[in-house]
Amino acid sequence: MTPILTFFNNRSGVGKTLLVYHAAWMLSELDRTVLVVDLDPQANLTAAFLDEDTLAELWNDQASSSGETIHQCVAPLAQVGDVRDPELRRPSDRLYLLPGDLALSGFEELLSTEWRNCLGSRNLHRAFRVTTAFWQVVRKGAVESGADIVLVDIGPSLGAINRSALIATDFVAVPLAADLPSWRGLRNLGPTLRRWRVEWKQRHDNWAEPDFDLPAGNMQPIGYLIQRHGVRLSRPVEADDRWARHVPAEYSRSVLDDETRAAAADPQADEHCIATVKHYRGLVHLARDARKPIFSLAAGDGALGSHAAAARDAFRDYRTLVENLLRRTHAASAAAELPLVASPPTGPA
Ligand SMILES: Nc1ncnc2c1ncn2[C@@H]1O[C@H](COP(=O)(O)OP(=O)(O)OP(=O)(O)O)[C@@H](O)[C@H]1O
Ligand SMILES: [Mg+2]
């Protein structure tokens, strides 16, 4: 089965969506087929891929009987129906998108109710069908697209939508800002992941004879990505460094539940740091306007002079980032005997 990797931090604005967008494009550049799934009811990732006219059409049609957004796929469960097959968008040859939907927030209450019902003794089929709805839809999308890997973007919350998204995931990468709330936030994030894993197992065990496949709910952390170099222009880099230095130990303690490891004094020397993400400043706006990743910006998009050089550097940075992601999912798959994503390429292009 195709590995599913979710970028998770309940803190808002740490660059999750921008990361998923760029990682997806870079994976397709590296000849991987990738499915991106937008499970954030804010649907910012979807808005990065699709123009406003397309979005207006997509989100207008709440009575739709198609599966053009994640909400349309799971909505029948609120009545007496079952999940619908997703109708994927295809921003490029090797890149597929299962669009998000502002209406998805309306699904949260049903997820909460059925999560409780999974521990009951009656009507377990429905309780588990709802609770695993995202996984069912994502799996169908992965088969339809022939994806090598699925990347999932979720919103900044510890609510029922994200819990369902996480039980559907094999791997978790944690984007962080180099600031105090990000560092301290790991103390909530780590224990929450572990609690969800345990609670899912209790539910899984409660259904002795499931009548459809259920996800394993591994949600295995594969590391963090940290955004440094002055998250806000007004803040000096030293302020970033001050808080970033706390991250390796906190990640080990809170996310990996490992008190024993002597953590590195700096993320750059930490084995759990997947990448340091630069602040791309003006390039982000150019990329948004051009509806392209930063590393594909050309002179015609306004990337001239130093912007052109920065875009080229960004290509190299995101390539390294994605190779690290692949290497880690590959290593973790092998260790856990999960299905393997194709090995990352070695060496530069
Ligand atoms: N590396 C970066 N360089 C420059 N700007 C960035 C970078 N990463 C994110 N941003 C900007 O910061 C803002 C927040 O980023 P993004 O939407 O990716 O965060 P998020 O974690 O997904 O937020 P939310 O939790 O609300 O979904 C956006 O305006 C984005 O363009
Ligand atoms: Mg986001």
# chains A, B, ... in the order shown; residues from 1 in each chain; ligands from 1
>>> residues_near_ligand(ligand="ligand 1", cutoff="7 Å", atoms="only C-alpha atoms and all ligand atoms", output="list in words")
Asn10, Arg11, Ser12, Gly13, Val14, Gly15, Lys16, Thr17, Leu18, Leu19, Asn44, Ile154, Gly155, Pro156, Gln227, Val277, Lys278, His279, Tyr280, Arg281 and Val284 of chain A
>>> residues_around(residues="A:Asn188", least_positions_apart="2", cutoff="12 Å", atoms="only C-alpha atoms", output="MDAnalysis selection string")
chainID A and resid 9:11 157:158 181:186 190:195 250:251 253:255
>>> atom_distance(atom1="atom CA of A:Ala147", atom2="atom CA of A:Thr33")
4.7 Å
>>> select_by_dssp(residues="stretch 24-253 of chain A", states="helix (DSSP H, G or I)", output="VMD selection string")
chain A and resid 24 to 29 44 to 49 52 to 60 70 to 78 102 to 117 124 to 131 133 to 145 160 to 167 180 to 206 237 to 244 247 to 253
>>> atom_distance(atom1="atom CA of A:Glu87", atom2="atom CA of A:Phe134")
14.2 Å
>>> closest_residue(among="A:Asp82, A:Glu144, A:Asp258, A:Asp153", to="ligand 2", atoms="only C-alpha atoms and all ligand atoms")
A:Asp153
>>> residues_around(residues="stretch 92-100 of chain A", least_positions_apart="6", cutoff="6 Å", atoms="only C-alpha atoms", output="PyMOL selection string")
chain A and resi 28+33-39+43+46+69-70
>>> write_last_selection(atoms="C-alpha atoms", output="CSV table (one decimal), in the first residue's frame")
chain,number,residue,atom,x,y,z
A,28,SER,CA,6.9,15.1,-9.1
A,33,THR,CA,3.9,10.1,-8.6
A,34,VAL,CA,2.3,11.9,-5.7
A,35,LEU,CA,-1.2,12.4,-4.4
A,36,VAL,CA,-1.8,15.5,-2.2
A,37,VAL,CA,-4.8,15.5,0.1
A,38,ASP,CA,-6.1,18.6,1.7
A,39,LEU,CA,-7.8,17.7,5.0
A,43,ALA,CA,-8.4,24.5,2.3
A,46,THR,CA,-6.4,23.6,-2.5
A,69,THR,CA,-13.7,17.3,-2.8
A,70,ILE,CA,-12.9,15.4,0.4
>>> select_by_dssp(residues="stretch 95-317 of chain A", states="strand (DSSP E)", output="CSV table (one decimal) with C-alpha atoms, in the first residue's frame")
chain,number,residue,atom,x,y,z
A,95,LEU,CA,0.9,15.2,-9.4
A,96,TYR,CA,-2.7,14.5,-8.2
A,97,LEU,CA,-4.8,16.5,-5.8
A,98,LEU,CA,-7.8,15.5,-3.7
A,149,ILE,CA,3.4,8.5,-1.8
A,150,VAL,CA,0.5,10.4,-0.4
A,151,LEU,CA,1.1,13.8,1.3
A,152,VAL,CA,-1.6,15.1,3.6
A,153,ASP,CA,-2.0,18.7,4.8
A,171,PHE,CA,4.1,8.8,9.0
A,172,VAL,CA,4.1,12.2,10.6
A,173,ALA,CA,6.5,15.1,9.9
A,174,VAL,CA,6.3,18.1,12.2
A,175,PRO,CA,6.9,21.6,10.7
A,176,LEU,CA,8.0,24.1,13.3
A,177,ALA,CA,8.8,27.7,13.6
A,220,GLN,CA,5.0,7.3,13.2
A,221,PRO,CA,7.0,10.5,13.7
A,222,ILE,CA,9.9,10.8,11.1
A,223,GLY,CA,11.3,14.1,12.3
A,224,TYR,CA,10.7,17.8,12.2
A,225,LEU,CA,11.3,20.7,9.8
A,226,ILE,CA,12.2,24.0,11.3
A,227,GLN,CA,11.8,27.4,9.7
A,273,CYS,CA,15.8,17.4,11.9
A,274,ILE,CA,14.6,16.7,8.4
A,275,ALA,CA,15.4,20.1,7.1
A,276,THR,CA,15.9,23.7,7.9
A,277,VAL,CA,13.5,25.8,5.8
>>> residues_around(residues="A:Pro248", least_positions_apart="4", cutoff="6 Å", atoms="only C-alpha atoms", output="list in words")
Ala263, Ala264 and Pro267 of chain A
>>> write_last_selection(atoms="C-alpha atoms", output="mmCIF file, in the first residue's frame")
data_model
loop_
_atom_site.group_PDB
_atom_site.id
_atom_site.type_symbol
_atom_site.label_atom_id
_atom_site.label_comp_id
_atom_site.auth_asym_id
_atom_site.auth_seq_id
_atom_site.Cartn_x
_atom_site.Cartn_y
_atom_site.Cartn_z
ATOM 1 C CA ALA A 263 19.954 15.515 22.234
ATOM 2 C CA ALA A 264 21.973 17.723 19.909
ATOM 3 C CA PRO A 267 18.692 21.282 15.078
#
>>> atom_distance(atom1="atom CA of A:Ala335", atom2="atom CA of A:Ser252")
18.7 Å
>>> closest_residue(among="A:Glu199, A:Phe8, A:Ala178, A:Leu304", to="ligand 2", atoms="only C-alpha atoms and all ligand atoms")
A:Phe8
>>> residues_around(residues="A:Asp85", least_positions_apart="2", cutoff="10 Å", atoms="only C-alpha atoms", output="ChimeraX atom specification")
/A:66-68,70,72-74,82-83,87-88,136-141,144
>>> decode(residues="stretch 166-182 of chain A", atoms="N, CA and C atoms", output="CSV table (one decimal), in the first residue's frame")
chain,number,residue,atom,x,y,z
A,166,LEU,N,-5.1,11.6,11.4
A,166,LEU,CA,-3.8,11.0,11.9
A,166,LEU,C,-3.9,9.4,12.0
A,167,ILE,N,-5.1,8.9,12.3
A,167,ILE,CA,-5.2,7.5,12.3
A,167,ILE,C,-5.1,6.9,10.9
A,168,ALA,N,-5.3,7.8,9.9
A,168,ALA,CA,-5.2,7.3,8.5
A,168,ALA,C,-3.7,7.4,8.0
A,169,THR,N,-2.8,7.9,8.9
A,169,THR,CA,-1.5,8.1,8.4
A,169,THR,C,-0.5,7.1,8.9
A,170,ASP,N,0.5,6.9,8.0
A,170,ASP,CA,1.6,6.0,8.4
A,170,ASP,C,2.7,6.8,9.1
A,171,PHE,N,3.0,8.0,8.5
A,171,PHE,CA,4.1,8.8,9.0
A,171,PHE,C,3.7,10.2,9.3
A,172,VAL,N,4.4,10.8,10.3
A,172,VAL,CA,4.1,12.2,10.6
A,172,VAL,C,5.4,13.0,10.6
A,173,ALA,N,5.4,14.2,9.8
A,173,ALA,CA,6.5,15.1,9.9
A,173,ALA,C,6.0,16.4,10.6
A,174,VAL,N,6.8,17.0,11.4
A,174,VAL,CA,6.3,18.1,12.2
A,174,VAL,C,7.0,19.4,11.8
A,175,PRO,N,6.3,20.3,11.1
A,175,PRO,CA,6.9,21.6,10.7
A,175,PRO,C,6.8,22.5,12.0
A,176,LEU,N,7.9,23.2,12.2
A,176,LEU,CA,8.0,24.1,13.3
A,176,LEU,C,8.5,25.5,12.9
A,177,ALA,N,8.1,26.5,13.7
A,177,ALA,CA,8.8,27.7,13.6
A,177,ALA,C,9.9,27.8,14.7
A,178,ALA,N,10.9,28.6,14.5
A,178,ALA,CA,11.9,28.6,15.6
A,178,ALA,C,11.6,29.6,16.6
A,179,ASP,N,10.4,29.4,17.3
A,179,ASP,CA,10.0,30.4,18.3
A,179,ASP,C,9.5,29.6,19.5
A,180,LEU,N,9.3,30.4,20.6
A,180,LEU,CA,8.9,29.8,21.8
A,180,LEU,C,7.6,28.9,21.8
A,181,PRO,N,6.5,29.4,21.1
A,181,PRO,CA,5.3,28.6,21.1
A,181,PRO,C,5.5,27.3,20.3
A,182,SER,N,6.4,27.3,19.3
A,182,SER,CA,6.6,26.0,18.6
A,182,SER,C,7.3,25.0,19.5
